[in-house]
>>> print(open('input_3.txt').read())   # compact mmCIF, C-alpha atoms
# COMPACT_ATOMS: atom_id res chain seq x y z
CA MET A 1 -40.93 -122.04 21.71
CA GLY A 2 -39.89 -119.06 19.68
CA ASP A 3 -38.43 -117.27 22.67
CA PHE A 4 -34.81 -116.94 21.71
CA ASP A 5 -32.07 -114.97 23.40
CA TRP A 6 -30.73 -112.76 20.62
CA VAL A 7 -28.68 -110.79 23.16
CA ARG A 8 -26.68 -113.58 24.86
CA GLY A 9 -26.99 -116.29 22.19
CA PHE A 10 -28.66 -119.69 22.11
CA PRO A 11 -28.37 -123.18 20.67
CA LEU A 12 -31.23 -124.63 18.63
CA ASP A 13 -31.64 -128.17 17.39
CA PHE A 14 -32.16 -128.85 13.69
CA SER A 15 -32.19 -132.50 12.72
CA GLY A 16 -29.64 -133.29 10.07
CA VAL A 17 -31.98 -136.00 8.82
CA ASP A 18 -35.35 -134.28 8.40
CA GLY A 19 -34.59 -130.66 9.30
CA SER A 20 -37.12 -130.56 12.13
CA SER A 21 -36.56 -128.61 15.34
CA LYS A 22 -37.98 -129.43 18.75
CA GLY A 23 -37.32 -125.88 19.86
CA ALA A 24 -39.16 -123.99 17.13
CA ALA A 25 -42.27 -124.20 14.97
CA PRO A 26 -42.07 -124.38 11.18
CA THR A 27 -44.06 -122.34 8.70
CA VAL A 28 -45.90 -124.77 6.43
CA ARG A 29 -46.62 -124.09 2.75
CA ARG A 30 -49.36 -126.10 1.11
CA LEU A 31 -49.89 -126.23 -2.61
CA SER A 32 -52.98 -124.00 -2.36
CA GLN A 33 -50.72 -121.23 -1.03
CA MET A 34 -48.73 -121.31 -4.27
CA ARG A 35 -51.65 -120.92 -6.66
CA GLY A 36 -50.55 -120.17 -10.19
CA MET A 37 -46.87 -120.82 -9.55
CA TYR A 38 -46.71 -124.20 -11.33
CA ALA A 39 -46.88 -124.38 -15.10
CA ASP A 40 -49.56 -127.10 -15.23
CA ALA A 41 -52.64 -125.34 -13.82
CA ASP A 42 -54.88 -128.41 -14.22
CA ALA A 43 -52.49 -130.66 -12.32
CA GLU A 44 -52.19 -128.00 -9.62
CA ALA A 45 -55.98 -127.67 -9.26
CA ARG A 46 -56.42 -131.45 -9.10
CA ALA A 47 -53.74 -131.84 -6.43
CA VAL A 48 -55.38 -129.16 -4.32
CA ALA A 49 -58.97 -130.38 -4.79
CA ASP A 50 -58.52 -134.14 -4.98
CA GLY A 51 -54.99 -134.66 -3.69
CA GLY A 52 -55.49 -133.27 -0.21
CA ASP A 53 -53.69 -129.99 -0.83
CA PRO A 54 -50.26 -131.42 -0.01
CA VAL A 55 -47.58 -129.73 2.05
CA VAL A 56 -44.93 -128.72 -0.44
CA TYR A 57 -42.39 -127.25 1.94
CA GLU A 58 -41.70 -126.00 5.44
CA PHE A 59 -39.18 -123.61 6.88
CA TYR A 60 -38.23 -121.94 10.13
CA GLU A 61 -38.54 -118.22 10.81
CA LEU A 62 -37.05 -117.53 14.23
CA GLY A 63 -37.71 -113.82 14.35
CA ALA A 64 -34.15 -112.55 14.33
CA PRO A 65 -33.87 -108.80 14.89
CA GLU A 66 -34.04 -107.27 11.41
CA LEU A 67 -30.76 -105.44 11.70
CA PRO A 68 -27.84 -105.32 9.25
CA GLY A 69 -25.50 -106.84 11.85
CA ASP A 70 -27.76 -109.76 12.57
CA LEU A 71 -28.27 -113.10 10.89
CA ALA A 72 -31.43 -115.11 10.26
CA PHE A 73 -31.03 -118.86 10.01
CA GLY A 74 -32.93 -122.12 10.05
CA THR A 75 -33.76 -125.09 7.93
CA SER A 76 -35.85 -125.41 4.79
CA ILE A 77 -37.55 -128.73 4.03
CA THR A 78 -38.91 -129.24 0.52
CA TYR A 79 -40.86 -132.45 0.12
CA PRO A 80 -40.54 -134.83 -2.83
CA GLY A 81 -43.28 -134.68 -5.43
CA LYS A 82 -44.32 -133.13 -8.72
CA VAL A 83 -47.15 -131.01 -10.11
CA GLY A 84 -47.46 -132.40 -13.61
CA SER A 85 -43.82 -132.84 -14.56
CA GLU A 86 -42.63 -129.92 -12.44
CA TYR A 87 -40.79 -130.79 -9.26
CA TYR A 88 -41.97 -129.52 -5.88
CA MET A 89 -40.26 -126.24 -5.12
CA THR A 90 -40.35 -123.26 -2.81
CA LYS A 91 -41.97 -120.01 -3.91
CA GLY A 92 -38.56 -118.43 -4.21
CA HIS A 93 -37.78 -114.80 -3.70
CA PHE A 94 -35.41 -111.93 -4.18
CA HIS A 95 -34.08 -110.25 -1.09
CA THR A 96 -35.71 -106.85 -0.58
CA ILE A 97 -32.21 -105.52 -0.01
CA LEU A 98 -31.05 -106.93 -3.30
CA ASP A 99 -27.35 -106.67 -2.51
CA THR A 100 -27.39 -109.39 0.17
CA ALA A 101 -26.14 -112.95 -0.24
CA GLU A 102 -27.36 -116.20 1.31
CA VAL A 103 -25.50 -119.36 2.30
CA TYR A 104 -26.92 -122.88 2.34
CA TYR A 105 -25.59 -126.19 3.57
CA THR A 106 -27.49 -129.26 2.41
CA LEU A 107 -28.16 -131.72 5.21
CA SER A 108 -30.10 -134.41 3.33
CA GLY A 109 -31.96 -135.12 0.11
CA GLU A 110 -31.15 -134.07 -3.40
CA GLY A 111 -32.21 -131.22 -5.59
CA CYS A 112 -31.15 -127.92 -6.96
CA MET A 113 -31.31 -124.21 -6.38
CA LEU A 114 -32.76 -122.25 -9.29
CA THR A 115 -31.29 -118.75 -9.26
CA GLU A 116 -31.96 -115.78 -11.50
CA SER A 117 -30.77 -112.20 -11.61
CA PRO A 118 -33.07 -109.29 -12.48
CA GLU A 119 -31.24 -109.09 -15.83
CA GLY A 120 -32.12 -112.69 -16.63
CA ASP A 121 -28.94 -114.60 -15.84
CA VAL A 122 -30.22 -118.07 -14.84
CA VAL A 123 -27.91 -120.41 -12.90
CA LEU A 124 -28.99 -123.84 -11.67
CA HIS A 125 -26.89 -125.13 -8.77
CA THR A 126 -26.87 -128.67 -7.42
CA LEU A 127 -27.85 -129.25 -3.80
CA ALA A 128 -26.44 -132.41 -2.24
CA PRO A 129 -25.53 -133.51 1.28
CA GLY A 130 -22.09 -132.28 2.29
CA LYS A 131 -22.20 -129.34 -0.09
CA ALA A 132 -22.51 -125.69 0.75
CA LEU A 133 -24.03 -123.31 -1.76
CA TYR A 134 -23.20 -119.65 -2.05
CA VAL A 135 -26.17 -117.73 -3.49
CA PRO A 136 -24.79 -114.37 -4.51
CA LYS A 137 -26.23 -110.94 -4.02
CA ARG A 138 -29.00 -109.91 -6.43
CA TYR A 139 -30.13 -113.46 -7.40
CA ALA A 140 -33.63 -114.73 -6.70
CA HIS A 141 -33.46 -118.31 -5.41
CA ARG A 142 -35.83 -121.26 -5.24
CA SER A 143 -35.16 -124.75 -3.81
CA VAL A 144 -36.30 -127.62 -6.02
CA ASN A 145 -36.56 -131.22 -4.82
CA THR A 146 -35.60 -133.55 -7.66
CA GLY A 147 -35.26 -136.65 -5.49
CA GLY A 148 -37.41 -139.08 -3.60
CA ALA A 149 -36.78 -137.88 -0.03
CA PRO A 150 -37.16 -134.51 1.68
CA LEU A 151 -34.59 -131.93 0.63
CA VAL A 152 -33.22 -130.37 3.80
CA THR A 153 -30.98 -127.32 3.85
CA PHE A 154 -29.58 -125.13 6.61
CA PHE A 155 -29.61 -121.47 5.54
CA VAL A 156 -28.18 -118.18 6.79
CA PHE A 157 -28.83 -114.66 5.53
CA ARG A 158 -28.50 -111.11 6.81
CA ALA A 159 -31.47 -110.60 9.08
CA ASP A 160 -32.62 -107.35 7.50
CA ALA A 161 -32.39 -108.66 3.92
CA GLY A 162 -36.15 -109.05 3.64
CA HIS A 163 -38.13 -111.25 1.28
CA ASP A 164 -39.52 -109.91 -1.96
CA TYR A 165 -41.94 -112.69 -2.88
CA GLY A 166 -44.12 -110.39 -4.99
CA THR A 167 -41.81 -110.14 -7.98
CA ILE A 168 -41.70 -113.92 -8.38
CA GLU A 169 -45.42 -114.35 -7.66
CA THR A 170 -46.19 -111.81 -10.37
CA LYS A 171 -43.60 -112.65 -13.01
CA GLY A 172 -42.36 -116.12 -12.11
CA PHE A 173 -38.88 -117.39 -12.81
CA ARG A 174 -37.76 -117.40 -16.44
CA LYS A 175 -37.10 -121.14 -16.25
CA LEU A 176 -38.84 -124.22 -14.86
CA VAL A 177 -37.22 -127.37 -13.51
CA LEU A 178 -39.10 -130.31 -15.04
CA GLU A 179 -38.64 -134.05 -15.02
CA GLY A 180 -37.56 -134.98 -18.51
CA PRO A 181 -38.59 -138.09 -20.46
CA ASP A 182 -35.43 -139.80 -19.15
CA GLY A 183 -36.57 -139.21 -15.57
CA ARG A 184 -33.89 -136.60 -14.97
CA PRO A 185 -34.26 -132.87 -14.27
CA ARG A 186 -34.09 -130.44 -17.14
CA LEU A 187 -34.48 -126.68 -17.47
CA ALA A 188 -37.32 -125.41 -19.67
CA ASP A 189 -38.59 -121.96 -20.55
CA ASN A 190 -41.46 -120.80 -18.38
CA PRO A 191 -44.36 -120.13 -20.77
CA LYS A 192 -46.07 -118.03 -18.11
CA TRP A 193 -43.07 -115.83 -17.46
CA GLY A 194 -44.36 -112.28 -17.16
CA GLY A 195 -41.27 -110.19 -17.57
CA ALA A 196 -40.91 -107.38 -20.04
CA MET B 1 -8.71 -124.07 -5.76
CA GLY B 2 -9.73 -120.83 -4.15
CA ASP B 3 -11.18 -119.44 -7.36
CA PHE B 4 -14.82 -118.95 -6.48
CA ASP B 5 -17.54 -117.19 -8.43
CA TRP B 6 -18.86 -114.62 -5.97
CA VAL B 7 -20.91 -113.01 -8.75
CA ARG B 8 -22.92 -115.99 -10.04
CA GLY B 9 -22.64 -118.32 -7.04
CA PHE B 10 -20.98 -121.67 -6.49
CA PRO B 11 -21.27 -124.93 -4.58
CA LEU B 12 -18.44 -126.11 -2.37
CA ASP B 13 -18.04 -129.45 -0.64
CA PHE B 14 -17.53 -129.61 3.12
CA SER B 15 -17.51 -133.09 4.56
CA GLY B 16 -20.08 -133.51 7.29
CA VAL B 17 -17.74 -136.03 8.90
CA ASP B 18 -14.37 -134.30 9.10
CA GLY B 19 -15.12 -130.84 7.69
CA SER B 20 -12.58 -131.13 4.90
CA SER B 21 -13.12 -129.63 1.45
CA LYS B 22 -11.72 -130.92 -1.82
CA GLY B 23 -12.34 -127.54 -3.40
CA ALA B 24 -10.50 -125.31 -0.95
CA ALA B 25 -7.39 -125.24 1.22
CA PRO B 26 -7.57 -124.89 4.99
CA THR B 27 -5.59 -122.56 7.17
CA VAL B 28 -3.75 -124.66 9.75
CA ARG B 29 -3.02 -123.49 13.30
CA ARG B 30 -0.30 -125.29 15.20
CA LEU B 31 0.23 -124.91 18.92
CA SER B 32 3.34 -122.76 18.35
CA GLN B 33 1.10 -120.19 16.65
CA MET B 34 -0.90 -119.80 19.87
CA ARG B 35 2.02 -119.10 22.18
CA GLY B 36 0.92 -117.87 25.58
CA MET B 37 -2.76 -118.59 25.06
CA TYR B 38 -2.92 -121.68 27.27
CA ALA B 39 -2.75 -121.35 31.03
CA ASP B 40 -0.10 -124.04 31.53
CA ALA B 41 3.00 -122.51 29.92
CA ASP B 42 5.21 -125.50 30.70
CA ALA B 43 2.82 -127.98 29.13
CA GLU B 44 2.54 -125.71 26.11
CA ALA B 45 6.32 -125.47 25.71
CA ARG B 46 6.77 -129.24 26.06
CA ALA B 47 4.06 -129.96 23.47
CA VAL B 48 5.74 -127.60 21.01
CA ALA B 49 9.29 -128.77 21.63
CA ASP B 50 8.81 -132.47 22.32
CA GLY B 51 5.27 -133.15 21.13
CA GLY B 52 5.78 -132.27 17.49
CA ASP B 53 4.02 -128.91 17.66
CA PRO B 54 0.58 -130.41 17.05
CA VAL B 55 -2.07 -129.00 14.77
CA VAL B 56 -4.74 -127.65 17.11
CA TYR B 57 -7.28 -126.49 14.55
CA GLU B 58 -7.97 -125.73 10.90
CA PHE B 59 -10.48 -123.53 9.14
CA TYR B 60 -11.40 -122.32 5.69
CA GLU B 61 -11.10 -118.75 4.50
CA LEU B 62 -12.57 -118.51 1.01
CA GLY B 63 -11.90 -114.85 0.40
CA ALA B 64 -15.46 -113.57 0.25
CA PRO B 65 -15.70 -109.93 -0.81
CA GLU B 66 -15.52 -107.93 2.42
CA LEU B 67 -18.80 -106.14 1.87
CA PRO B 68 -21.71 -105.68 4.29
CA GLY B 69 -24.07 -107.52 1.92
CA ASP B 70 -21.81 -110.53 1.60
CA LEU B 71 -21.33 -113.63 3.73
CA ALA B 72 -18.19 -115.54 4.61
CA PHE B 73 -18.60 -119.21 5.37
CA GLY B 74 -16.72 -122.45 5.80
CA THR B 75 -15.89 -125.12 8.31
CA SER B 76 -13.81 -125.02 11.46
CA ILE B 77 -12.12 -128.20 12.67
CA THR B 78 -10.78 -128.25 16.22
CA TYR B 79 -8.83 -131.39 17.05
CA PRO B 80 -9.15 -133.33 20.29
CA GLY B 81 -6.43 -132.85 22.85
CA LYS B 82 -5.37 -130.89 25.90
CA VAL B 83 -2.53 -128.61 26.97
CA GLY B 84 -2.23 -129.51 30.64
CA SER B 85 -5.86 -129.79 31.65
CA GLU B 86 -7.05 -127.15 29.14
CA TYR B 87 -8.88 -128.47 26.12
CA TYR B 88 -7.69 -127.67 22.60
CA MET B 89 -9.39 -124.53 21.40
CA THR B 90 -9.28 -121.89 18.70
CA LYS B 91 -7.65 -118.53 19.34
CA GLY B 92 -11.05 -116.90 19.42
CA HIS B 93 -11.82 -113.36 18.42
CA PHE B 94 -14.18 -110.44 18.50
CA HIS B 95 -15.50 -109.19 15.19
CA THR B 96 -13.85 -105.91 14.24
CA ILE B 97 -17.35 -104.63 13.49
CA LEU B 98 -18.52 -105.59 16.95
CA ASP B 99 -22.22 -105.41 16.11
CA THR B 100 -22.19 -108.47 13.84
CA ALA B 101 -23.46 -111.94 14.74
CA GLU B 102 -22.25 -115.38 13.65
CA VAL B 103 -24.14 -118.63 13.10
CA TYR B 104 -22.73 -122.13 13.54
CA TYR B 105 -24.07 -125.57 12.77
CA THR B 106 -22.18 -128.46 14.34
CA LEU B 107 -21.53 -131.28 11.90
CA SER B 108 -19.60 -133.70 14.13
CA GLY B 109 -17.76 -134.00 17.40
CA GLU B 110 -18.55 -132.46 20.73
CA GLY B 111 -17.49 -129.35 22.52
CA CYS B 112 -18.54 -125.89 23.44
CA MET B 113 -18.34 -122.28 22.38
CA LEU B 114 -16.89 -119.96 24.97
CA THR B 115 -18.33 -116.48 24.47
CA GLU B 116 -17.64 -113.24 26.28
CA SER B 117 -18.81 -109.66 25.90
CA PRO B 118 -16.50 -106.67 26.39
CA GLU B 119 -18.34 -106.01 29.67
CA GLY B 120 -17.47 -109.48 30.95
CA ASP B 121 -20.66 -111.46 30.42
CA VAL B 122 -19.40 -115.02 29.89
CA VAL B 123 -21.71 -117.61 28.29
CA LEU B 124 -20.66 -121.18 27.55
CA HIS B 125 -22.77 -122.85 24.84
CA THR B 126 -22.81 -126.53 23.99
CA LEU B 127 -21.82 -127.61 20.48
CA ALA B 128 -23.26 -130.94 19.38
CA PRO B 129 -24.17 -132.50 16.03
CA GLY B 130 -27.60 -131.41 14.87
CA LYS B 131 -27.48 -128.18 16.81
CA ALA B 132 -27.15 -124.67 15.49
CA LEU B 133 -25.61 -121.98 17.64
CA TYR B 134 -26.42 -118.30 17.42
CA VAL B 135 -23.44 -116.22 18.59
CA PRO B 136 -24.81 -112.74 19.16
CA LYS B 137 -23.35 -109.42 18.21
CA ARG B 138 -20.56 -108.11 20.45
CA TYR B 139 -19.48 -111.49 21.91
CA ALA B 140 -15.98 -112.87 21.38
CA HIS B 141 -16.16 -116.58 20.59
CA ARG B 142 -13.81 -119.56 20.82
CA SER B 143 -14.50 -123.19 19.90
CA VAL B 144 -13.36 -125.74 22.47
CA ASN B 145 -13.13 -129.46 21.78
CA THR B 146 -14.09 -131.39 24.91
CA GLY B 147 -14.47 -134.75 23.16
CA GLY B 148 -12.33 -137.45 21.62
CA ALA B 149 -12.94 -136.72 17.93
CA PRO B 150 -12.53 -133.61 15.77
CA LEU B 151 -15.11 -130.91 16.49
CA VAL B 152 -16.46 -129.78 13.11
CA THR B 153 -18.69 -126.75 12.66
CA PHE B 154 -20.08 -124.95 9.62
CA PHE B 155 -20.03 -121.19 10.17
CA VAL B 156 -21.44 -118.08 8.48
CA PHE B 157 -20.77 -114.42 9.26
CA ARG B 158 -21.09 -111.08 7.51
CA ALA B 159 -18.12 -110.90 5.19
CA ASP B 160 -16.95 -107.47 6.30
CA ALA B 161 -17.18 -108.30 10.03
CA GLY B 162 -13.43 -108.66 10.35
CA HIS B 163 -11.45 -110.52 13.00
CA ASP B 164 -10.06 -108.77 16.02
CA TYR B 165 -7.64 -111.39 17.33
CA GLY B 166 -5.46 -108.85 19.09
CA THR B 167 -7.76 -108.16 22.03
CA ILE B 168 -7.87 -111.86 22.95
CA GLU B 169 -4.16 -112.40 22.28
CA THR B 170 -3.38 -109.52 24.62
CA LYS B 171 -5.98 -109.99 27.34
CA GLY B 172 -7.23 -113.55 26.94
CA PHE B 173 -10.73 -114.71 27.80
CA ARG B 174 -11.86 -114.20 31.40
CA LYS B 175 -12.54 -117.93 31.72
CA LEU B 176 -10.81 -121.17 30.76
CA VAL B 177 -12.43 -124.48 29.84
CA LEU B 178 -10.57 -127.18 31.78
CA GLU B 179 -11.03 -130.89 32.25
CA GLY B 180 -12.13 -131.35 35.85
CA PRO B 181 -11.12 -134.18 38.21
CA ASP B 182 -14.30 -136.01 37.13
CA GLY B 183 -13.15 -135.93 33.51
CA ARG B 184 -15.80 -133.41 32.57
CA PRO B 185 -15.41 -129.80 31.36
CA ARG B 186 -15.58 -127.00 33.88
CA LEU B 187 -15.16 -123.23 33.68
CA ALA B 188 -12.32 -121.69 35.68
CA ASP B 189 -11.05 -118.17 36.09
CA ASN B 190 -8.16 -117.32 33.80
CA PRO B 191 -5.24 -116.36 36.06
CA LYS B 192 -3.52 -114.65 33.14
CA TRP B 193 -6.52 -112.53 32.20
CA GLY B 194 -5.20 -109.07 31.39
CA GLY B 195 -8.29 -106.92 31.52
CA ALA B 196 -8.67 -103.79 33.58
>>> encode(input="input_3.txt", output="C-alpha cells")
Amino acid sequence: MGDFDWVRGFPLDFSGVDGSSKGAAPTVRRLSQMRGMYADADAEARAVADGGDPVVYEFYELGAPELPGDLAFGTSITYPGKVGSEYYMTKGHFHTILDTAEVYYTLSGEGCMLTESPEGDVVLHTLAPGKALYVPKRYAHRSVNTGGAPLVTFFVFRADAGHDYGTIETKGFRKLVLEGPDGRPRLADNPKWGGA
Amino acid sequence: MGDFDWVRGFPLDFSGVDGSSKGAAPTVRRLSQMRGMYADADAEARAVADGGDPVVYEFYELGAPELPGDLAFGTSITYPGKVGSEYYMTKGHFHTILDTAEVYYTLSGEGCMLTESPEGDVVLHTLAPGKALYVPKRYAHRSVNTGGAPLVTFFVFRADAGHDYGTIETKGFRKLVLEGPDGRPRLADNPKWGGA
C-alpha cells in the first residue's frame, strides 16, 4: 500500500459509491483536529467530548512527486453531519503556489464547494454526482456536505501546488454554510473571520 | 456553450454513464480522420467507404487557458468496435511538454490504456469503472475499447501540456491491441511501426 509507480504509471481503485480505495490508506480528520473552525464553539466541544469526536472527513494522499509536471489525485469523503447548524466540511486551503487550479468530479452525495479569493470574492459552487467542478487559480476551497450521505469527490491538482492550511486556520473563510430554518443551505457571514 | 468562467470557476455536467455534457460540445473523430493508423488498411478503407465512416471516439476540449498553473479536463468516449481485429482506439499522443502527467478516472465501459515512452517502454494499463489511472510524464497514451459498450473516462492534465499527435501519426505505437483467437485482447508488434 502506498507504493506507487510514478515512473511507469499505475491504476488505483476508488469506489464511485463511497470513495474508498483498497490500494491506499486514507488520512482521517476528526472534529478535534479542526478545533476552532466551526462557528458554534459549544456545539463543537460537546461533539468532541460527548459525541465521540466524530470523523468529519477523509482523503487520500498518494505521495505524488512534488514537481510542476506531476499531478496529485485521489478522493475526498466528507461525512454528513452538522456542528450546531453548520454543515460538516473540510478544513479548506489555499494552494501554496496560489496560481494553480484544481479539478473535481463528484462521484456521490450532495454538497457544495465554498471558494474564496484573497481579495474576498466568495463563490459557492454546487457539487452533485455527474458534475465536474473547476476551482480556479487563487481560490481557497472547502468541501461542504449538505446532504444525508457521504459526499465523495475525485480530485486532481498539480503535485507541487502545496497546501496552505494556515491562512484558513488563522483567519477562516469569510462565509459559513449553515442549515437555514427551511432546512436548506444558506451562506452567512463568519463572525469569527479574522481578516483585515 | 463553451463560455466558461476560468477566473471564478464553474461546474460542468459529464454523464457518468455515457460521458456526454449538456454544457459543452464534443470533438468527434471519425475513422476517416485516422487514416493509416490501423494495421489492416483494407478493413479501414471498407469501413470508411461502405461502413458509413463510423465515429470512433469523441472528447471534450473546453479551452482552458494554456498556462502551467491551469488544468484541462473533460471526458473521452471511445466507442466499441474493431477495424479488422484491432479494437477501436483514440489517435493517442505525447504531451508537447513531455514532462507532464495525466490522470484518468474510468466512468463506464471497459478497455485499456496503451502507453509508450520515447525509449520504447510499453505498458498496457487496464481501464475499468471505479479505477483511476496515473499516466506518467513522458509516456504517449491511447485509449482502447476492448468491450461492448462505450468506454468513458474523465481526464485531467496540465493545461499547457499540449498534444503532440504528429509523432504517433508518423511512427505509430510500437504495439497494437488486437482481439485474439480466444476473443480476448492481446498485444502484438506493430508491423507499420516507423521508429528508428
>>> interface_residues(input="input_3.txt", of="chain B", to="chain A", cutoff="6 Å", atoms="all atoms listed in the file", output="PDB file with C-alpha atoms, in the coordinates of the input")
ATOM      1  CA  VAL B   7     -20.910-113.010  -8.750  1.00  0.00           C
ATOM      2  CA  GLY B   9     -22.640-118.320  -7.040  1.00  0.00           C
ATOM      3  CA  PHE B  10     -20.980-121.670  -6.490  1.00  0.00           C
ATOM      4  CA  PRO B  11     -21.270-124.930  -4.580  1.00  0.00           C
ATOM      5  CA  LEU B  12     -18.440-126.110  -2.370  1.00  0.00           C
ATOM      6  CA  ASP B  13     -18.040-129.450  -0.640  1.00  0.00           C
ATOM      7  CA  PHE B  14     -17.530-129.610   3.120  1.00  0.00           C
ATOM      8  CA  SER B  15     -17.510-133.090   4.560  1.00  0.00           C
ATOM      9  CA  GLY B  16     -20.080-133.510   7.290  1.00  0.00           C
ATOM     10  CA  GLY B  69     -24.070-107.520   1.920  1.00  0.00           C
ATOM     11  CA  ASP B  70     -21.810-110.530   1.600  1.00  0.00           C
ATOM     12  CA  ASP B  99     -22.220-105.410  16.110  1.00  0.00           C
ATOM     13  CA  THR B 100     -22.190-108.470  13.840  1.00  0.00           C
ATOM     14  CA  ALA B 101     -23.460-111.940  14.740  1.00  0.00           C
ATOM     15  CA  GLY B 130     -27.600-131.410  14.870  1.00  0.00           C
ATOM     16  CA  LYS B 131     -27.480-128.180  16.810  1.00  0.00           C
ATOM     17  CA  ALA B 132     -27.150-124.670  15.490  1.00  0.00           C
ATOM     18  CA  LEU B 133     -25.610-121.980  17.640  1.00  0.00           C
ATOM     19  CA  TYR B 134     -26.420-118.300  17.420  1.00  0.00           C
ATOM     20  CA  VAL B 135     -23.440-116.220  18.590  1.00  0.00           C
ATOM     21  CA  PRO B 136     -24.810-112.740  19.160  1.00  0.00           C
TER      22      PRO B 136
END
>>> closest_residue(input="input_3.txt", among="B:Gly109, B:Ala140, B:Glu169, B:Tyr87", to="Arg186 (chain B)", atoms="all atoms listed in the file")
B:Tyr87
>>> atom_distance(input="input_3.txt", atom1="CA of Val55 (chain A)", atom2="CA of His95 (chain A)")
23.9 Å
>>> residues_around(input="input_3.txt", residues="Thr96 (chain B)", least_positions_apart="6", cutoff="8 Å", atoms="only C-alpha atoms", output="VMD selection string")
chain B and resid 161 to 164
>>> closest_residue(input="input_3.txt", among="A:Pro185, A:Gly120, A:Gly52, A:Gly23", to="Gly172 (chain A)", atoms="only C-alpha atoms")
A:Gly120
>>> closest_residue(input="input_3.txt", among="A:Glu66, A:Glu179, A:Glu58, A:Asp53", to="Leu151 (chain A)", atoms="all atoms listed in the file")
A:Glu58
>>> atom_distance(input="input_3.txt", atom1="CA of Ala47 (chain A)", atom2="CA of Glu86 (chain A)")
12.8 Å
>>> axis_aligned_box(input="input_3.txt", around="region 169-182 of chain B", padding_each_side="4 Å", output="JSON")
{"center_x": -8.8, "center_y": -122.8, "center_z": 30.2, "size_x": 18.9, "size_y": 34.5, "size_z": 23.9}
>>> atom_distance(input="input_3.txt", atom1="CA of Thr167 (chain B)", atom2="CA of Lys192 (chain B)")
13.5 Å
>>> closest_residue(input="input_3.txt", among="A:Met113, A:Val83, A:Ala64, A:Ile77", to="Arg35 (chain A)", atoms="all atoms listed in the file")
A:Val83
>>> residues_near_point(input="input_3.txt", point="(-47.4, -135.7, -8.7)", cutoff="12 Å", atoms="all atoms listed in the file", output="VMD selection string")
chain A and resid 31 38 40 42 to 48 50 to 54 56 79 to 88 148 178 to 179
>>> residues_near_point(input="input_3.txt", point="(-46.7, -122.8, 6.0)", cutoff="9 Å", atoms="only C-alpha atoms", output="list of chain:residue names")
A:Pro26, A:Thr27, A:Val28, A:Arg29, A:Arg30, A:Gln33, A:Val55, A:Val56, A:Tyr57, A:Glu58, A:Phe59
>>> residues_around(input="input_3.txt", residues="Lys171 (chain A)", least_positions_apart="5", cutoff="9 Å", atoms="all atoms listed in the file", output="PDB file with C-alpha atoms, in the coordinates of the input")
ATOM      1  CA  GLY A 166     -44.120-110.390  -4.990  1.00  0.00           C
ATOM      2  CA  LYS A 192     -46.070-118.030 -18.110  1.00  0.00           C
ATOM      3  CA  TRP A 193     -43.070-115.830 -17.460  1.00  0.00           C
ATOM      4  CA  GLY A 194     -44.360-112.280 -17.160  1.00  0.00           C
ATOM      5  CA  GLY A 195     -41.270-110.190 -17.570  1.00  0.00           C
TER       6      GLY A 195
END
>>> closest_residue(input="input_3.txt", among="B:Ala39, B:Thr75, B:Leu114, B:Phe173", to="Thr146 (chain B)", atoms="all atoms listed in the file")
B:Leu114
